[in-house]
Each structure stands twice: as structure tokens, then as C-alpha cells.
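Chemist: Following this line is target.pdb, made up of PDB, C-alpha atoms and all ligand atoms:
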ATOM      1  CA  MET A  13      -3.195  16.935   7.052
ATOM      2  CA  LEU A  14      -0.804  15.292   4.630
ATOM      3  CA  ASN A  15      -2.428  12.036   3.498
ATOM      4  CA  ILE A  16      -0.404  10.015   1.034
ATOM      5  CA  VAL A  17      -1.309   6.869  -0.858
ATOM      6  CA  LEU A  18       1.948   5.034  -1.503
ATOM      7  CA  PHE A  19       1.125   2.861  -4.471
ATOM      8  CA  GLY A  20       2.877   0.221  -6.520
ATOM      9  CA  PRO A  21       3.001  -3.476  -7.376
ATOM     10  CA  PRO A  22       4.124  -6.117  -4.864
ATOM     11  CA  GLY A  23       7.858  -5.735  -4.305
ATOM     12  CA  ALA A  24       7.995  -2.112  -5.469
ATOM     13  CA  GLY A  25       9.420  -0.940  -2.130
ATOM     14  CA  LYS A  26       6.351   0.573  -0.457
ATOM     15  CA  GLY A  27       7.198  -0.701   3.021
ATOM     16  CA  THR A  28      10.842   0.392   2.870
ATOM     17  CA  GLN A  29      10.015   3.853   1.568
ATOM     18  CA  SER A  30       7.124   4.293   4.022
ATOM     19  CA  GLU A  31       9.607   4.139   6.881
ATOM     20  CA  ARG A  32      11.550   7.055   5.372
ATOM     21  CA  LEU A  33       8.422   9.117   4.770
ATOM     22  CA  ILE A  34       6.950   8.701   8.240
ATOM     23  CA  GLU A  35      10.265   9.759   9.755
ATOM     24  CA  LYS A  36      10.549  12.940   7.685
ATOM     25  CA  TYR A  37       6.919  14.057   7.731
ATOM     26  CA  GLY A  38       5.719  12.633  11.064
ATOM     27  CA  LEU A  39       2.955  10.590   9.471
ATOM     28  CA  VAL A  40       1.117   7.518  10.749
ATOM     29  CA  HIS A  41       1.930   4.447   8.649
ATOM     30  CA  LEU A  42      -1.050   2.214   7.846
ATOM     31  CA  SER A  43      -0.123  -0.931   5.948
ATOM     32  CA  THR A  44      -3.104  -3.200   5.354
ATOM     33  CA  GLY A  45      -0.743  -6.138   4.692
ATOM     34  CA  ASP A  46       0.990  -5.560   8.057
ATOM     35  CA  VAL A  47      -2.346  -5.355   9.894
ATOM     36  CA  PHE A  48      -3.529  -8.585   8.273
ATOM     37  CA  ARG A  49      -0.235 -10.322   9.135
ATOM     38  CA  ALA A  50      -0.486  -9.171  12.779
ATOM     39  CA  ASN A  51      -4.000 -10.640  12.888
ATOM     40  CA  ILE A  52      -2.779 -13.919  11.388
ATOM     41  CA  LYS A  53      -0.067 -14.096  14.036
ATOM     42  CA  ASP A  54      -2.610 -13.473  16.813
ATOM     43  CA  GLU A  55      -4.990 -15.995  15.220
ATOM     44  CA  THR A  56      -7.916 -13.580  15.261
ATOM     45  CA  GLU A  57     -11.073 -14.178  13.238
ATOM     46  CA  LEU A  58      -9.964 -11.487  10.770
ATOM     47  CA  GLY A  59      -6.548 -13.138  10.508
ATOM     48  CA  ASN A  60      -8.007 -16.544   9.760
ATOM     49  CA  LEU A  61     -10.190 -15.083   7.048
ATOM     50  CA  ALA A  62      -7.417 -12.979   5.495
ATOM     51  CA  LYS A  63      -4.887 -15.831   5.489
ATOM     52  CA  SER A  64      -6.731 -17.955   2.953
ATOM     53  CA  TYR A  65      -6.763 -15.075   0.449
ATOM     54  CA  MET A  66      -3.227 -13.891   1.130
ATOM     55  CA  ASP A  67      -1.642 -17.333   0.811
ATOM     56  CA  ALA A  68      -3.310 -17.688  -2.589
ATOM     57  CA  GLY A  69      -2.150 -14.240  -3.755
ATOM     58  CA  GLN A  70      -5.714 -12.929  -3.919
ATOM     59  CA  LEU A  71      -7.210  -9.776  -2.449
ATOM     60  CA  VAL A  72      -9.032  -9.924   0.849
ATOM     61  CA  PRO A  73     -12.678  -8.933   0.111
ATOM     62  CA  ASP A  74     -13.309  -5.177  -0.068
ATOM     63  CA  GLU A  75     -15.864  -5.008   2.720
ATOM     64  CA  VAL A  76     -13.553  -6.710   5.218
ATOM     65  CA  THR A  77     -10.568  -4.599   4.181
ATOM     66  CA  ILE A  78     -12.443  -1.290   4.223
ATOM     67  CA  ASN A  79     -13.912  -1.928   7.676
ATOM     68  CA  MET A  80     -10.498  -2.880   9.002
ATOM     69  CA  LEU A  81      -8.894   0.236   7.519
ATOM     70  CA  ARG A  82     -11.546   2.535   9.018
ATOM     71  CA  SER A  83     -11.058   1.066  12.462
ATOM     72  CA  GLU A  84      -7.282   1.587  12.179
ATOM     73  CA  VAL A  85      -7.616   5.244  11.118
ATOM     74  CA  VAL A  86      -9.823   6.200  14.052
ATOM     75  CA  LYS A  87      -7.328   4.767  16.561
ATOM     76  CA  HIS A  88      -5.169   7.882  16.040
ATOM     77  CA  ASP A  89      -5.949  11.143  17.740
ATOM     78  CA  ALA A  90      -5.122  14.320  15.763
ATOM     79  CA  PRO A  91      -2.461  12.807  13.467
ATOM     80  CA  LYS A  92      -0.406  15.002  11.120
ATOM     81  CA  GLY A  93      -1.458  12.677   8.349
ATOM     82  CA  PHE A  94      -1.410   9.108   7.121
ATOM     83  CA  ILE A  95       0.588   7.122   4.696
ATOM     84  CA  PHE A  96      -1.621   4.439   3.218
ATOM     85  CA  ASP A  97       0.537   1.507   2.113
ATOM     86  CA  GLY A  98      -1.220  -1.302   0.263
ATOM     87  CA  PHE A  99      -4.571   0.516   0.327
ATOM     88  CA  PRO A 100      -6.618   1.280  -1.730
ATOM     89  CA  ARG A 101      -6.132  -1.728  -3.991
ATOM     90  CA  THR A 102      -9.457  -1.547  -5.844
ATOM     91  CA  ASN A 103     -11.620   1.299  -7.112
ATOM     92  CA  ALA A 104     -14.267   0.398  -4.515
ATOM     93  CA  GLN A 105     -11.664   0.829  -1.775
ATOM     94  CA  ALA A 106     -10.555   4.187  -3.234
ATOM     95  CA  GLN A 107     -14.156   5.399  -3.320
ATOM     96  CA  ALA A 108     -14.773   4.244   0.259
ATOM     97  CA  LEU A 109     -11.578   5.944   1.436
ATOM     98  CA  ASP A 110     -12.606   9.249  -0.150
ATOM     99  CA  GLU A 111     -16.013   9.130   1.532
ATOM    100  CA  PHE A 112     -14.567   8.135   4.877
ATOM    101  CA  LEU A 113     -11.910  10.885   4.838
ATOM    102  CA  ALA A 114     -14.503  13.471   3.781
ATOM    103  CA  GLY A 115     -16.460  12.529   6.909
ATOM    104  CA  LEU A 116     -13.326  13.347   8.915
ATOM    105  CA  GLN A 117     -12.989  16.723   7.110
ATOM    106  CA  THR A 118      -9.857  15.667   5.268
ATOM    107  CA  GLU A 119      -8.792  14.073   1.966
ATOM    108  CA  ILE A 120      -5.992  12.317   0.092
ATOM    109  CA  SER A 121      -3.260  14.834  -0.759
ATOM    110  CA  LEU A 122      -1.272  12.750  -3.210
ATOM    111  CA  MET A 123      -0.846   9.293  -4.707
ATOM    112  CA  LEU A 124       2.825   8.442  -5.215
ATOM    113  CA  ALA A 125       3.141   5.428  -7.511
ATOM    114  CA  LEU A 126       6.416   3.494  -7.508
ATOM    115  CA  GLU A 127       7.072   2.060 -10.963
ATOM    116  CA  VAL A 128       9.150  -1.109 -11.267
ATOM    117  CA  GLU A 129       9.106  -3.574 -14.136
ATOM    118  CA  GLU A 130       7.890  -7.113 -13.685
ATOM    119  CA  ASN A 131      11.139  -9.093 -13.853
ATOM    120  CA  GLU A 132      12.723  -6.865 -11.237
ATOM    121  CA  LEU A 133       9.667  -7.339  -8.972
ATOM    122  CA  LYS A 134       9.944 -11.127  -9.185
ATOM    123  CA  THR A 135      13.658 -11.025  -8.364
ATOM    124  CA  ARG A 136      13.062  -8.743  -5.369
ATOM    125  CA  LEU A 137      10.189 -10.837  -3.967
ATOM    126  CA  LEU A 138      12.098 -14.119  -4.189
ATOM    127  CA  LYS A 139      15.031 -12.439  -2.466
ATOM    128  CA  ARG A 140      12.735 -11.056   0.256
ATOM    129  CA  ALA A 141      11.359 -14.582   0.794
ATOM    130  CA  GLU A 142      14.768 -15.612   2.144
ATOM    131  CA  PHE A 143      14.216 -13.526   5.284
ATOM    132  CA  SER A 144      10.580 -12.319   5.322
ATOM    133  CA  GLY A 145       9.068 -15.668   6.296
ATOM    134  CA  ARG A 146       6.100 -14.691   4.107
ATOM    135  CA  PRO A 147       4.576 -17.726   2.386
ATOM    136  CA  ASP A 148       3.276 -15.463  -0.415
ATOM    137  CA  ASP A 149       6.875 -14.455  -1.286
ATOM    138  CA  ALA A 150       8.276 -17.983  -1.394
ATOM    139  CA  ASP A 151       6.152 -19.490  -4.172
ATOM    140  CA  PRO A 152       6.738 -18.268  -7.751
ATOM    141  CA  ALA A 153       3.157 -19.213  -8.719
ATOM    142  CA  VAL A 154       1.743 -17.020  -5.924
ATOM    143  CA  ILE A 155       4.029 -14.153  -6.990
ATOM    144  CA  GLU A 156       2.683 -14.477 -10.553
ATOM    145  CA  LYS A 157      -0.855 -14.392  -9.183
ATOM    146  CA  ARG A 158      -0.185 -11.272  -7.068
ATOM    147  CA  ILE A 159       1.278  -9.443 -10.057
ATOM    148  CA  ALA A 160      -1.700 -10.458 -12.218
ATOM    149  CA  VAL A 161      -4.136  -9.264  -9.522
ATOM    150  CA  TYR A 162      -2.204  -6.000  -9.346
ATOM    151  CA  ASN A 163      -2.427  -5.490 -13.120
ATOM    152  CA  ASN A 164      -6.122  -6.380 -13.323
ATOM    153  CA  GLU A 165      -7.635  -4.973 -10.140
ATOM    154  CA  THR A 166      -5.195  -2.547  -8.570
ATOM    155  CA  ALA A 167      -3.504  -0.666 -11.431
ATOM    156  CA  PRO A 168      -6.883   0.892 -12.449
ATOM    157  CA  VAL A 169      -6.869   2.797  -9.123
ATOM    158  CA  LYS A 170      -4.248   5.119 -10.691
ATOM    159  CA  ALA A 171      -6.924   6.568 -12.981
ATOM    160  CA  PHE A 172      -9.093   7.341  -9.953
ATOM    161  CA  TYR A 173      -6.425   9.704  -8.584
ATOM    162  CA  GLN A 174      -5.353  10.938 -12.023
ATOM    163  CA  ALA A 175      -8.894  12.235 -12.467
ATOM    164  CA  GLN A 176      -8.430  14.217  -9.234
ATOM    165  CA  HIS A 177      -5.000  15.494 -10.377
ATOM    166  CA  LYS A 178      -3.348  13.810  -7.408
ATOM    167  CA  PHE A 179      -1.295  11.172  -9.217
ATOM    168  CA  VAL A 180       2.526  11.295  -9.388
ATOM    169  CA  ALA A 181       4.594   8.471 -10.917
ATOM    170  CA  ILE A 182       7.972   7.773  -9.295
ATOM    171  CA  ASP A 183      10.759   5.751 -10.898
ATOM    172  CA  GLY A 184      11.220   2.858  -8.457
ATOM    173  CA  ILE A 185      14.524   1.653  -9.902
ATOM    174  CA  GLY A 186      17.738   2.840  -8.254
ATOM    175  CA  SER A 187      19.196   2.878  -4.757
ATOM    176  CA  ILE A 188      16.839   3.101  -1.774
ATOM    177  CA  ASP A 189      18.217   6.584  -1.015
ATOM    178  CA  GLU A 190      17.724   7.801  -4.587
ATOM    179  CA  ILE A 191      14.111   6.682  -4.569
ATOM    180  CA  THR A 192      13.539   8.324  -1.169
ATOM    181  CA  GLN A 193      14.847  11.620  -2.591
ATOM    182  CA  ARG A 194      12.444  11.326  -5.554
ATOM    183  CA  LEU A 195       9.538  10.814  -3.138
ATOM    184  CA  PHE A 196      10.577  13.738  -0.926
ATOM    185  CA  SER A 197      10.814  16.101  -3.870
ATOM    186  CA  ALA A 198       7.458  14.941  -5.256
ATOM    187  CA  ILE A 199       5.833  15.660  -1.882
ATOM    188  CA  ASP A 200       7.577  18.988  -1.437
ATOM    189  CA  THR A 201       6.694  20.260  -4.924
ATOM    190  CA  ASN A 202       3.105  18.994  -4.971
ATOM    191  CA  ASN A 203       2.019  19.947  -1.531
TER     192      ASN A 203
HETATM  193  P1  LIG A 301       2.723  -6.714  -1.278
HETATM  194  O1  LIG A 301       2.520  -5.269  -1.637
HETATM  195  O2  LIG A 301       4.166  -7.129  -1.320
HETATM  196  O3  LIG A 301       1.841  -7.653  -2.039
HETATM  197  P2  LIG A 301       1.186  -6.434   1.202
HETATM  198  O4  LIG A 301       1.718  -6.707   2.547
HETATM  199  O5  LIG A 301       0.790  -5.055   0.868
HETATM  200  O6  LIG A 301       2.346  -6.942   0.232
HETATM  201  O7  LIG A 301      -0.075  -7.378   0.903
HETATM  202  C1  LIG A 301      -0.035  -8.763   1.126
HETATM  203  C2  LIG A 301      -1.410  -9.388   0.865
HETATM  204  O8  LIG A 301      -2.361  -8.845   1.802
HETATM  205  C3  LIG A 301      -2.031  -9.108  -0.501
HETATM  206  O9  LIG A 301      -1.578 -10.006  -1.493
HETATM  207  C4  LIG A 301      -3.534  -9.301  -0.177
HETATM  208  O10 LIG A 301      -3.877 -10.654  -0.093
HETATM  209  C5  LIG A 301      -3.647  -8.717   1.225
HETATM  210  N1  LIG A 301      -3.997  -7.269   1.167
HETATM  211  C6  LIG A 301      -3.203  -6.237   1.567
HETATM  212  N2  LIG A 301      -3.812  -5.062   1.364
HETATM  213  C7  LIG A 301      -5.018  -5.334   0.800
HETATM  214  C8  LIG A 301      -6.108  -4.547   0.316
HETATM  215  N3  LIG A 301      -6.074  -3.195   0.373
HETATM  216  N4  LIG A 301      -7.190  -5.175  -0.207
HETATM  217  C9  LIG A 301      -7.238  -6.508  -0.260
HETATM  218  N5  LIG A 301      -6.246  -7.319   0.149
HETATM  219  C10 LIG A 301      -5.148  -6.755   0.676
END
In C-alpha cells, what does this structure look like?
Modeler:
Amino acid sequence: MLNIVLFGPPGAGKGTQSERLIEKYGLVHLSTGDVFRANIKDETELGNLAKSYMDAGQLVPDEVTINMLRSEVVKHDAPKGFIFDGFPRTNAQAQALDEFLAGLQTEISLMLALEVEENELKTRLLKRAEFSGRPDDADPAVIEKRIAVYNNETAPVKAFYQAQHKFVAIDGIGSIDEITQRLFSAIDTNN
């Protein structure tokens, strides 16, 4: 299996690039943010819980997120692989993912980390707010909070995959097509 963690701060382009990767490699796309938003829309118990954290720019608690992710993975029968978008966001999530995948006789192949500097992220998120309808994109204070949470809690996850020699940094500045090409070549040379 080809299991990719597509990593990067909010607004780095994970969702956009995921679409390109699933098309080329036939992977299943699992975005924790998308699953939470679908639950909010359907007003499920999980959605109600997640909403309070998401609207404040905070992480949904690990236990809730990990259980949700596991139940999404097992919905797919004999997939070619997964692209994890927005997960893992903490070291505890990364550890849980490793253990869970080991139980399925597979593992993470590669972490591809999109690198984009902070001012560019803020510009992109405010622009996305114009059409995304996401409350967490519309408020500059919530954007600040999400970037701070990324720096404090999520960025350390890079070291987890660096230690396993699975980490590849990708320049996330340029046209969408240019960045896609960088991701394709990273996958093709490292896999
Ligand atoms: P972005 O990458 O632009 O922040 P996402 O859709 O990935 O957008 O995430 C939106 C929100 O969903 C996060 O700010 C967080 O509240 C919640 N969330 C998504 N993934 C996770 C996760 N792995 N752990 C905890 N919370 C998460």
C-alpha cells in the first residue's frame, strides 16, 4: 500500500493537492476536517462536539479524533492506499496511527510536508473564507489561533516521521500545478 501523510499548516493547500494525488495514485482520501464538517452538517453527536473546538481554532481531543479516523479507515475494503489529510496533528495521533496501521499489516510510506510562510497562509485563508463558508476561515483571530496551534502542537509531528526517515519537505509556494509536480516527483523517487 501507498500511505501518505499530507502535512502542512492551515491554508497550505492540502485539500487541493490531495485531489491531484488520489487521481494519479488511486488512493482513498481521508480528511479529518472534512469528516468533522460532514458530521456538523448532519448534526451528529460527534459534529456537535467537534464544532465547539473547530470554531475556536482548537484541536478536537485526540481520543475522539483517533477513534473517528480508525472507523473511517476500516470502511474501505482492500484500498491501494490512503492519503491522510489533516491527520495526524499531534504526536499522540501519530503514535496511534502507527499502531493501528501495524495491526492492519501496513504502515505510513511517506510524510509530504507543504511549506508556506505565515503571511501567505493568512492571505490564502481569508480569500478562501469568501467562498468556503467556513466560520474558522472568516475570523482573523481564529486564523491566528489555528496557526499558533499548528506551530505548538502539530509541527512537532514532523520529527516523528523524520526519525523514521519518512519525512520530505515540499515548497508550497508556486502554481497549483508546480506544487503537484513536486509532490509527484517526491512520491516517485521515495517509493
Ligand atoms: P485546515 O488545515 O485549513 O485547518 P482542516 O479542515 O484540516 O483545515 O481542519 C479544520 C479543523 O478541524 C481544525 O482546526 C481542528 O479543529 C479540526 N481537526 C481537523 N483534523 C484534526 C485532527 N487530526 N485533530 C484534531 N482536530 C482536528
Chemist: Taking (-0.2, 8.0, 0.0) as a centre in this file's frame and 12 Å as the limit, can you find every polymer residue with an atom that close, using only C-alpha atoms, and give them as JSON, numbers by chain?
Modeler: {"A": [13, 14, 15, 16, 17, 18, 19, 20, 26, 27, 29, 30, 33, 34, 39, 40, 41, 42, 43, 93, 94, 95, 96, 97, 98, 99, 100, 106, 109, 119, 120, 121, 122, 123, 124, 125, 126, 170, 173, 178, 179, 180, 181, 195, 198, 199]}
Chemist: Selection in question (the file shown): the PyMOL selection byres (((not hetatm)) within 8 of (chain A and resi 301)). Which residues does it include, as a ChimeraX atom specification?
Modeler: /A:20-24,26,43-46,48-49,62-63,65-74,77-78,97-102,105,137,148-149,158
Chemist: How many Å lie between CA of Lys157 (chain A) and CA of Arg140 (chain A), rounded to one decimal?
Modeler: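 Atom-to-atom, CA of Lys157 (chain A) to CA of Arg140 (chain A), that is 16.9 Å.
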Chemist: Just to confirm, what's the straight-line distance from CA of Met80 (chain A) to CA of Val161 (chain A) in Å (one decimal)?
Modeler: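 It comes out at 20.6 Å.
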Chemist: Report, in Å with one decimal, the straight-line distance from CA of Ser83 (chain A) to CA of Leu113 (chain A).
Modeler: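 Between CA of Ser83 (chain A) and CA of Leu113 (chain A) the gap works out to 12.5 Å.
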Chemist: Can you work out which one of A:Ser197, A:Gly145, A:Ala90, A:Glu156 has the shortest atom-to-atom distance to Gln117 (chain A), counting all atoms listed in the file?
Modeler: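 Nearest candidate to Gln117 (chain A) out of A:Ser197, A:Gly145, A:Ala90, A:Glu156: A:Ala90.
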Chemist: Running the PyMOL selection byres (((chain A and resi 134) around 9) and not hetatm) on this model by hand, what would come out? Give it as a list in words.
Modeler: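 Evaluating the PyMOL selection byres (((chain A and resi 134) around 9) and not hetatm) on these coordinates yields Pro22, Gly23, Glu130, Asn131, Glu132, Leu133, Thr135, Arg136, Leu137, Leu138, Lys139, Pro152, Ile155, Glu156 and Ile159 of chain A.
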Chemist: Suppose we keep C-alpha atoms; can you now write the selection as a PDB file, in the frame of the given file?
Modeler:
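Full text of again-v5.pdb as output:
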ATOM      1  CA  PRO A  22       4.124  -6.117  -4.864  1.00  0.00           C
ATOM      2  CA  GLY A  23       7.858  -5.735  -4.305  1.00  0.00           C
ATOM      3  CA  GLU A 130       7.890  -7.113 -13.685  1.00  0.00           C
ATOM      4  CA  ASN A 131      11.139  -9.093 -13.853  1.00  0.00           C
ATOM      5  CA  GLU A 132      12.723  -6.865 -11.237  1.00  0.00           C
ATOM      6  CA  LEU A 133       9.667  -7.339  -8.972  1.00  0.00           C
ATOM      7  CA  THR A 135      13.658 -11.025  -8.364  1.00  0.00           C
ATOM      8  CA  ARG A 136      13.062  -8.743  -5.369  1.00  0.00           C
ATOM      9  CA  LEU A 137      10.189 -10.837  -3.967  1.00  0.00           C
ATOM     10  CA  LEU A 138      12.098 -14.119  -4.189  1.00  0.00           C
ATOM     11  CA  LYS A 139      15.031 -12.439  -2.466  1.00  0.00           C
ATOM     12  CA  PRO A 152       6.738 -18.268  -7.751  1.00  0.00           C
ATOM     13  CA  ILE A 155       4.029 -14.153  -6.990  1.00  0.00           C
ATOM     14  CA  GLU A 156       2.683 -14.477 -10.553  1.00  0.00           C
ATOM     15  CA  ILE A 159       1.278  -9.443 -10.057  1.00  0.00           C
TER      16      ILE A 159
END
